[in-house]
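Undergrad: Please find structure28.csv (CSV, C-alpha atoms) on the next line:
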```
chain,number,residue,atom,x,y,z
G,25,MET,CA,86.1,57.9,119.8
G,26,LYS,CA,83.4,57.0,122.3
G,27,LYS,CA,79.7,57.0,121.2
G,28,THR,CA,76.8,58.9,122.7
G,29,VAL,CA,73.1,58.4,122.0
G,30,ILE,CA,70.5,61.0,122.9
G,31,LEU,CA,67.3,59.2,123.3
G,32,ASN,CA,64.7,62.0,123.4
G,33,LEU,CA,66.2,65.1,121.8
G,34,ALA,CA,62.9,66.7,120.9
G,35,LYS,CA,62.2,67.3,124.6
G,36,LEU,CA,65.5,69.3,124.8
G,37,ASN,CA,65.7,70.8,121.3
G,38,TYR,CA,62.0,71.3,120.4
G,39,ASP,CA,62.8,74.5,118.5
G,40,HIS,CA,66.0,73.2,116.7
G,41,GLN,CA,68.0,76.0,118.1
G,42,ILE,CA,70.4,74.1,120.4
G,43,ASP,CA,74.0,73.6,119.4
G,44,LEU,CA,75.1,70.0,120.1
G,45,SER,CA,78.8,70.7,119.3
G,46,PRO,CA,79.9,70.7,123.0
G,47,ILE,CA,79.1,67.0,123.1
G,48,SER,CA,80.0,66.1,119.5
G,49,ALA,CA,83.5,67.5,120.0
G,50,LEU,CA,84.0,64.8,122.6
G,51,THR,CA,82.1,61.8,121.2
G,52,THR,CA,80.2,60.8,118.1
G,53,VAL,CA,76.5,61.6,118.7
G,54,THR,CA,73.4,59.8,117.5
G,55,ALA,CA,70.1,61.5,118.3
G,56,TYR,CA,66.5,60.5,118.3
G,57,ASP,CA,63.5,62.8,118.9
G,58,SER,CA,61.8,60.1,121.1
G,59,SER,CA,62.3,56.5,122.1
G,60,SER,CA,59.9,53.8,123.3
G,61,PRO,CA,61.3,51.3,125.9
G,62,GLU,CA,61.7,48.8,123.1
G,63,GLU,CA,63.5,51.3,120.9
G,64,ILE,CA,65.8,52.3,123.8
G,65,ILE,CA,67.3,48.8,124.0
G,66,GLU,CA,67.8,48.7,120.3
G,67,ARG,CA,69.3,52.2,120.1
G,68,LEU,CA,71.8,51.6,123.0
G,69,GLN,CA,73.5,48.8,121.2
G,70,GLY,CA,77.2,49.7,120.5
G,71,GLN,CA,76.8,53.0,122.4
G,72,ASP,CA,78.9,54.0,125.5
G,73,ILE,CA,76.9,56.9,126.8
G,74,ALA,CA,73.1,57.5,127.0
G,75,ILE,CA,71.6,60.9,127.4
G,76,THR,CA,68.0,61.1,128.5
G,77,LYS,CA,65.5,63.8,129.7
G,78,GLU,CA,63.1,62.3,132.2
G,79,LEU,CA,62.6,59.0,130.4
G,80,PRO,CA,61.5,56.3,132.8
G,81,MET,CA,64.4,53.9,133.3
G,82,GLY,CA,63.3,51.2,135.7
G,83,LYS,CA,65.0,48.1,136.9
G,84,ASP,CA,63.7,45.8,134.2
G,85,LEU,CA,64.7,48.2,131.4
G,86,ILE,CA,68.2,48.8,132.8
G,87,ALA,CA,68.7,45.1,133.2
G,88,GLN,CA,68.5,44.8,129.4
G,89,PHE,CA,71.1,47.5,128.7
G,90,PRO,CA,74.1,46.3,126.7
G,91,PRO,CA,77.4,46.0,128.5
G,92,SER,CA,78.8,48.8,126.3
G,93,ILE,CA,76.7,51.4,128.2
G,94,ARG,CA,78.9,52.9,131.0
G,95,LEU,CA,77.3,56.3,131.6
G,96,ILE,CA,73.7,57.6,131.8
G,97,CYS,CA,73.6,61.3,131.7
G,98,GLU,CA,70.3,62.7,132.9
G,99,ALA,CA,69.7,66.0,131.2
G,100,GLY,CA,68.5,67.8,134.2
G,101,THR,CA,68.7,68.1,138.0
G,102,GLY,CA,66.1,65.5,139.0
G,103,PHE,CA,66.9,61.8,138.5
G,104,ASN,CA,64.0,60.0,140.2
G,105,ASN,CA,63.1,58.6,136.7
G,106,ILE,CA,66.2,56.3,136.9
G,107,ASP,CA,66.5,53.2,139.1
G,108,LEU,CA,69.9,54.0,140.6
G,109,ASP,CA,70.2,50.6,142.3
G,110,ALA,CA,69.7,48.8,139.0
G,111,ALA,CA,72.3,51.1,137.3
G,112,ARG,CA,74.7,50.4,140.1
G,113,GLU,CA,74.2,46.6,139.7
G,114,LYS,CA,75.1,46.9,136.0
G,115,GLY,CA,78.2,49.0,136.8
G,116,ILE,CA,76.7,52.1,135.0
G,117,THR,CA,77.5,55.5,136.4
G,118,VAL,CA,74.6,58.0,136.5
G,119,CYS,CA,75.2,61.7,136.6
G,120,ASN,CA,72.9,64.7,136.6
G,121,VAL,CA,73.2,68.4,135.7
G,122,PRO,CA,72.5,70.7,138.7
G,123,GLY,CA,72.3,74.5,138.3
G,124,TYR,CA,71.7,74.9,134.6
G,125,SER,CA,68.3,76.5,134.9
G,126,THR,CA,68.6,78.4,138.3
G,127,GLU,CA,67.7,81.8,136.9
G,128,GLY,CA,65.0,80.5,134.5
G,129,VAL,CA,63.1,78.7,137.2
G,130,ALA,CA,63.5,81.5,139.7
G,131,HIS,CA,62.2,84.0,137.2
G,132,LEU,CA,59.2,81.9,136.4
G,133,ALA,CA,58.4,81.8,140.1
G,134,ILE,CA,58.6,85.5,140.3
G,135,THR,CA,56.5,85.8,137.1
G,136,PHE,CA,53.8,83.8,138.8
G,137,ILE,CA,53.9,86.0,141.9
G,138,LEU,CA,53.5,89.2,139.8
G,139,ASN,CA,50.8,87.6,137.7
G,140,HIS,CA,48.6,86.8,140.7
G,141,SER,CA,49.3,90.3,142.3
G,142,SER,CA,47.6,91.9,139.2
G,143,SER,CA,45.3,89.1,138.2
G,144,LEU,CA,46.7,89.1,134.7
G,145,SER,CA,45.7,85.6,133.8
G,146,ARG,CA,42.3,86.0,135.4
G,147,GLN,CA,41.6,89.1,133.4
G,148,GLN,CA,42.6,87.3,130.2
G,149,ILE,CA,40.2,84.5,131.0
G,150,MET,CA,37.4,87.1,131.5
G,151,LEU,CA,38.2,88.6,128.1
G,152,SER,CA,38.1,85.3,126.4
G,153,ARG,CA,34.6,84.9,127.7
G,154,LYS,CA,33.5,88.3,126.4
G,155,ASN,CA,33.3,89.6,129.9
G,156,PHE,CA,34.4,93.3,129.7
G,157,VAL,CA,33.2,94.4,133.2
G,158,ASN,CA,36.8,95.5,134.2
G,159,PHE,CA,36.7,97.9,131.2
G,160,THR,CA,33.1,99.1,131.3
G,161,GLU,CA,32.5,99.3,135.0
G,162,HIS,CA,35.2,98.9,137.6
G,163,LEU,CA,38.0,96.4,138.5
G,164,THR,CA,36.5,93.2,139.9
G,165,VAL,CA,39.7,91.1,140.5
G,166,PRO,CA,42.5,91.3,143.1
G,167,HIS,CA,45.1,93.9,142.3
G,168,PHE,CA,47.9,94.8,144.8
G,169,GLU,CA,51.6,95.6,145.2
G,170,VAL,CA,54.1,92.9,146.2
G,171,ASN,CA,56.4,95.3,148.0
G,172,GLY,CA,55.8,94.9,151.8
G,173,LYS,CA,54.2,91.4,151.2
G,174,THR,CA,55.7,88.3,152.8
G,175,LEU,CA,57.1,85.6,150.6
G,176,GLY,CA,57.6,82.2,152.1
G,177,VAL,CA,60.4,80.2,150.5
G,178,ILE,CA,60.5,76.5,151.2
G,179,GLY,CA,64.0,75.4,150.3
G,180,GLY,CA,67.0,77.7,150.5
G,181,GLY,CA,69.1,76.1,147.7
G,182,ALA,CA,70.4,77.8,144.6
G,183,ILE,CA,66.9,78.4,143.0
G,184,GLY,CA,65.4,79.5,146.3
G,185,ARG,CA,68.2,82.0,146.9
G,186,GLU,CA,67.8,83.4,143.4
G,187,VAL,CA,64.1,83.9,144.1
G,188,MET,CA,64.9,85.7,147.3
G,189,LYS,CA,67.3,88.0,145.5
G,190,VAL,CA,64.7,89.2,143.1
G,191,ALA,CA,62.0,89.3,145.7
G,192,VAL,CA,64.1,91.5,148.0
G,193,ALA,CA,64.7,93.8,145.0
G,194,LEU,CA,60.9,94.0,144.7
G,195,GLY,CA,60.6,95.0,148.3
G,196,MET,CA,59.2,91.8,149.7
G,197,ASP,CA,60.0,90.4,153.2
G,198,ILE,CA,61.2,86.8,153.1
G,199,LEU,CA,60.6,83.8,155.4
G,200,VAL,CA,62.7,80.7,154.7
G,201,TYR,CA,62.2,77.1,155.7
G,202,ASP,CA,65.2,75.0,155.1
G,203,PRO,CA,66.6,72.0,156.9
G,204,ILE,CA,69.8,74.0,157.6
G,205,PRO,CA,68.8,77.3,159.3
G,206,ARG,CA,71.4,80.0,158.6
G,207,ASP,CA,72.1,83.7,158.6
G,208,TRP,CA,70.9,84.8,155.2
G,209,GLY,CA,72.9,88.1,155.3
G,210,ASN,CA,69.9,90.4,154.9
G,211,PRO,CA,67.5,91.6,157.7
G,212,ARG,CA,64.6,91.2,155.3
G,213,ILE,CA,65.3,87.4,155.0
G,214,GLN,CA,64.6,85.3,158.2
G,215,SER,CA,64.5,81.6,158.8
G,216,ALA,CA,61.2,80.2,160.1
G,217,SER,CA,59.5,77.0,160.9
G,218,LEU,CA,57.3,75.5,158.2
G,219,GLU,CA,54.2,76.2,160.2
G,220,ASP,CA,55.0,79.8,160.9
G,221,LEU,CA,56.0,80.4,157.3
G,222,LEU,CA,52.7,79.0,156.0
G,223,ARG,CA,50.7,81.1,158.5
G,224,GLN,CA,52.4,84.4,157.8
G,225,SER,CA,53.2,84.3,154.1
G,226,ASP,CA,51.2,86.1,151.3
G,227,PHE,CA,52.9,83.9,148.8
G,228,VAL,CA,54.5,80.4,149.4
G,229,THR,CA,57.0,79.1,146.8
G,230,LEU,CA,58.4,75.6,146.8
G,231,HIS,CA,62.1,75.0,145.9
G,232,CYS,CA,63.1,71.7,147.5
G,233,PRO,CA,63.9,68.3,146.1
G,234,LEU,CA,61.5,65.4,145.9
G,235,LEU,CA,62.5,63.0,148.6
G,236,PRO,CA,60.4,60.5,150.7
G,237,GLU,CA,60.2,63.1,153.4
G,238,THR,CA,59.1,65.9,151.1
G,239,ARG,CA,56.5,64.0,149.1
G,240,HIS,CA,53.1,65.6,149.8
G,241,LEU,CA,54.9,68.2,152.0
G,242,ILE,CA,51.9,70.5,151.2
G,243,ASN,CA,48.8,68.7,152.1
G,244,LYS,CA,45.3,69.4,153.5
G,245,GLU,CA,46.7,70.1,157.0
G,246,ARG,CA,49.4,72.5,155.9
G,247,LEU,CA,47.1,74.2,153.4
G,248,SER,CA,44.7,74.9,156.2
G,249,LEU,CA,47.5,77.0,157.9
G,250,MET,CA,47.7,79.4,155.0
G,251,LYS,CA,45.9,82.7,154.8
G,252,PRO,CA,42.7,82.7,152.7
G,253,THR,CA,44.4,85.5,150.7
G,254,ALA,CA,47.6,83.6,150.1
G,255,TYR,CA,48.9,82.0,146.9
G,256,LEU,CA,50.9,78.8,146.4
G,257,VAL,CA,53.6,78.6,143.7
G,258,ASN,CA,55.3,75.3,142.7
G,259,THR,CA,58.1,75.3,140.1
G,260,SER,CA,60.0,72.5,141.8
G,261,ARG,CA,58.5,69.0,141.8
G,262,GLY,CA,54.8,68.1,141.4
G,263,PRO,CA,54.5,65.5,144.1
G,264,LEU,CA,55.6,68.0,146.8
G,265,VAL,CA,52.0,68.9,146.7
G,266,LYS,CA,49.1,66.5,147.3
G,267,GLU,CA,47.1,67.7,144.3
G,268,ALA,CA,43.7,66.5,145.5
G,269,ASP,CA,44.1,68.5,148.7
G,270,LEU,CA,45.1,71.6,146.8
G,271,ILE,CA,42.2,71.3,144.4
G,272,GLU,CA,39.8,71.1,147.4
G,273,ALA,CA,41.4,74.1,149.0
G,274,LEU,CA,41.2,76.2,145.8
G,275,GLN,CA,37.6,75.2,145.1
G,276,GLN,CA,36.5,76.0,148.7
G,277,GLY,CA,38.4,79.3,148.8
G,278,LYS,CA,40.7,78.3,151.6
G,279,ILE,CA,43.6,79.9,149.7
G,280,ALA,CA,43.4,82.6,147.1
G,281,GLY,CA,45.1,80.8,144.2
G,282,ALA,CA,48.0,78.8,142.9
G,283,ALA,CA,50.5,78.8,140.1
G,284,LEU,CA,51.9,75.4,139.1
G,285,ASP,CA,54.6,74.6,136.6
G,286,VAL,CA,54.9,71.0,137.8
G,287,HIS,CA,52.2,68.5,138.6
G,288,GLU,CA,51.8,65.4,140.7
G,289,VAL,CA,51.5,63.3,137.5
G,290,GLU,CA,52.9,64.6,134.3
G,291,PRO,CA,51.6,65.3,131.8
G,292,LEU,CA,48.6,66.8,133.6
G,293,SER,CA,45.5,64.9,132.6
G,294,PRO,CA,43.2,67.0,130.4
G,295,ASP,CA,40.3,66.2,132.7
G,296,SER,CA,42.1,67.6,135.8
G,297,PRO,CA,39.9,70.0,137.7
G,298,LEU,CA,42.8,72.4,137.8
G,299,PHE,CA,42.0,73.4,134.2
G,300,THR,CA,38.6,74.6,135.3
G,301,LEU,CA,39.8,77.0,138.1
G,302,ASP,CA,40.1,80.7,137.3
G,303,ASN,CA,42.4,81.2,140.2
G,304,VAL,CA,45.1,78.8,139.0
G,305,VAL,CA,47.9,79.5,136.5
G,306,LEU,CA,49.2,76.3,134.8
G,307,THR,CA,52.3,75.8,132.6
G,308,PRO,CA,53.6,72.4,131.3
G,309,HIS,CA,56.9,72.2,133.2
G,310,ILE,CA,58.6,75.0,131.3
G,311,GLY,CA,60.8,76.5,134.0
G,312,TRP,CA,63.9,74.7,132.7
G,313,GLN,CA,63.1,75.2,129.0
G,314,ARG,CA,64.3,78.7,128.3
G,315,LEU,CA,66.7,78.7,125.3
G,316,GLU,CA,69.7,79.9,127.4
G,317,SER,CA,69.1,77.2,130.0
G,318,ARG,CA,68.9,74.4,127.5
G,319,GLN,CA,72.1,75.5,125.8
G,320,ARG,CA,73.8,75.8,129.2
G,321,LEU,CA,72.5,72.3,129.9
G,322,PHE,CA,74.4,70.8,126.9
G,323,LYS,CA,77.6,72.6,127.9
G,324,LEU,CA,77.4,71.2,131.4
G,325,MET,CA,76.5,67.7,130.1
G,326,ALA,CA,79.7,67.9,128.0
G,327,GLY,CA,81.6,68.7,131.1
G,328,ASN,CA,80.1,65.6,132.8
G,329,ILE,CA,81.1,63.4,129.8
G,330,GLU,CA,84.6,64.8,129.5
G,331,ALA,CA,85.2,64.2,133.2
G,332,PHE,CA,83.9,60.7,132.9
G,333,LEU,CA,86.1,59.9,130.0
G,334,LYS,CA,89.1,61.2,131.9
G,335,GLY,CA,88.3,58.8,134.8
G,336,SER,CA,87.1,61.5,137.2
G,337,PRO,CA,83.4,61.6,136.9
G,338,ILE,CA,81.5,64.6,138.4
G,339,ASN,CA,77.8,65.1,139.4
G,340,VAL,CA,77.5,61.4,140.1
G,341,VAL,CA,74.2,60.4,141.7
G,342,SER,CA,74.4,56.6,141.5
```
Here is the file; what I need is its structure written in the form of structure tokens.
TA:
Amino acid sequence: MKKTVILNLAKLNYDHQIDLSPISALTTVTAYDSSSPEEIIERLQGQDIAITKELPMGKDLIAQFPPSIRLICEAGTGFNNIDLDAAREKGITVCNVPGYSTEGVAHLAITFILNHSSSLSRQQIMLSRKNFVNFTEHLTVPHFEVNGKTLGVIGGGAIGREVMKVAVALGMDILVYDPIPRDWGNPRIQSASLEDLLRQSDFVTLHCPLLPETRHLINKERLSLMKPTAYLVNTSRGPLVKEADLIEALQQGKIAGAALDVHEVEPLSPDSPLFTLDNVVLTPHIGWQRLESRQRLFKLMAGNIEAFLKGSPINVVS
């Protein structure tokens, strides 16, 4: 039986509720909560398959992999942590797992939108500071319906489409910027240029991959196109947004607020100005971490491994 090593299981199974049997039914499984670069090389010895979640695997590290390693399974959709050229040179197949957290990420984006529409987080911040003015006098924070508002969706892939589905149910009008304009099958959903989307939207939500051409897609120039009453939501990839420009726009009131599940550098530094801003909601990249999504991830990884062992690998990115 082939051997699989999971190099940082704690990131995937932090609550010890995940069933590993989909993979252990196919191969033996050795799991470690975390692994340093030095430990990675040691722990790969005699293994055939490596599972990692966002562990940096650069050229120098991969060059040291033992010849037994034939497959790296990235436990997620993004794979920019792995040097694909280096893996290819070693004859190692790399696969990812698209689609496992579509609903979870989309629901988080919608949660962020609803949060800002009623200033839930801002009101909790006020209470934590013993500021009870919203109770004792009158409401002092933004509070509005989302129906009839315009949502700009940048990226019309699976997650973007799931966001649109829920947003339409909430009565929102949708503008979509996608490299492939299409008929979205609903009069409330229309394609738009990026510039028009930014100018017209009350909320802008990002759902596109991190590529050279999308890095810093949202920068000072494009933030300046947004309404001063608009909010930016990013549950996709942190470097899509030039964080320094966003911070400046938030501090100067050029946009109303932001909600960020991903950050330009992760983990977000404790001294980031983002932590000081009342009009920002921050979460530590949790969109993919719902229990159901993580269990689905292991089921789909098992599918990747099974296909590889049969000689017909799927979801190959290298």
Undergrad: Quick one, how far is atom CA of G:Gln276 from atom CA of G:Tyr255?
TA: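 Those two atoms sit 13.9 Å apart.
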Undergrad: Could you tell me, as a list in words, which residues have any atom at most 12 Å from (66.8, 96.9, 147.9), counting all atoms listed in the file?
TA: Asn171, Gly172, Met188, Lys189, Val190, Ala191, Val192, Ala193, Leu194, Gly195, Met196, Asp197, Asn210, Pro211, Arg212 and Ile213 of chain G
Undergrad: Please list as a PyMOL selection string every residue within 7 Å of G:Thr54, counting all atoms listed in the file and excluding residues in the same chain fewer than 5 positions away.
TA: chain G and resi 28-30
Undergrad: Would you be able to write out as a PyMOL selection string which residues have an atom within 10 Å of (78.4, 64.4, 124.4) in the file's coordinates, counting all atoms listed in the file?
TA: chain G and resi 26-30+44-54+73-75+97+322-330
Undergrad: Return the single residue from G:Gln147, G:Ser142, G:Asn104, G:Gln88 that is closest to G:Pro233, with distances computed using only C-alpha atoms.
TA: G:Asn104
Undergrad: Using all atoms listed in the file, determine which residues lie at most 10 Å from G:His240, disregarding the query and same-chain residues fewer than 5 positions distant; provide the list as a list in words.
TA: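 Residues meeting the cut-off are Leu234, Leu235, Arg246, Gly262, Pro263, Leu264, Val265, Lys266, Glu267, Asp269 and Glu288 of chain G.
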Undergrad: Give me the stretch 217-336 of chain G side of the contact with stretch 77-82 of chain G, cut-off 12 Å, one line per residue showing its nearest atom pair and distance in Å at one decimal, counting all atoms listed in the file, sorted by chain and residue number, as a Markdown table.
TA:
```
| residue | atom | partner | partner_atom | distance |
| --- | --- | --- | --- | --- |
| G:Glu290 | CA | G:Glu78 | CA | 10.7 |
| G:Pro291 | CA | G:Glu78 | CA | 11.9 |
| G:His309 | CA | G:Glu78 | CA | 11.7 |
| G:Trp312 | CA | G:Lys77 | CA | 11.4 |
| G:Gln313 | CA | G:Lys77 | CA | 11.7 |
| G:Arg318 | CA | G:Lys77 | CA | 11.3 |
| G:Leu321 | CA | G:Lys77 | CA | 11.0 |
| G:Phe322 | CA | G:Lys77 | CA | 11.7 |
| G:Met325 | CA | G:Lys77 | CA | 11.7 |
```
Undergrad: Please measure the separation of atom CA of G:Gly209 and atom CA of G:Phe227, giving the value in Å to one decimal.
TA: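 Straight-line distance from atom CA of G:Gly209 to atom CA of G:Phe227 works out to 21.4 Å.
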Undergrad: Using 9 Å as the limit and counting all atoms listed in the file, can you tabulate each residue of stretch 138-175 of chain G that touches stretch 295-303 of chain G, with its shortest atom-to-atom distance in Å and the two atoms involved, as CSV?
TA:
```
residue,atom,partner,partner_atom,distance
G:His140,CA,G:Asn303,CA,8.4
G:Ser143,CA,G:Asn303,CA,8.6
G:Ser145,CA,G:Asp302,CA,8.2
G:Arg146,CA,G:Asp302,CA,6.0
G:Ile149,CA,G:Asp302,CA,7.4
```
Undergrad: Return the single residue from G:Leu247, G:Leu256, G:Ile64, G:Ala130 that is closest to G:Leu175, with distances computed using only C-alpha atoms.
TA: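 Residue with the minimum atom-to-atom distance to G:Leu175: G:Leu256.
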Undergrad: If you count only C-alpha atoms, which residues fall within 10 Å of G:Val187, apart from same-chain ones fewer than 3 positions away, as a ChimeraX atom specification?
TA: /G:126-127,129-134,175,177,180-184,190-193,198,229,231
Undergrad: So, with all atoms listed in the file as the atoms that count, which of G:Leu230, G:Glu219, G:Pro236, G:Ser293 lies closest to G:Arg185?
TA: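 Counting all atoms listed in the file, the residue closest to G:Arg185 is G:Leu230.
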Undergrad: Which residue, G:Glu113, G:Glu62, G:Asp57, G:Glu98, has the smallest gap to G:Lys83 when you use all atoms listed in the file?
TA: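 Among G:Glu113, G:Glu62, G:Asp57, G:Glu98, it is G:Glu113 that comes nearest to G:Lys83.
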Undergrad: Write out as a PyMOL selection string each polymer residue whose atoms come within 8 Å of G:Leu221, counting only C-alpha atoms; drop sequence neighbours fewer than 2 positions from it.
TA: chain G and resi 176+199-201+216-219+223-225
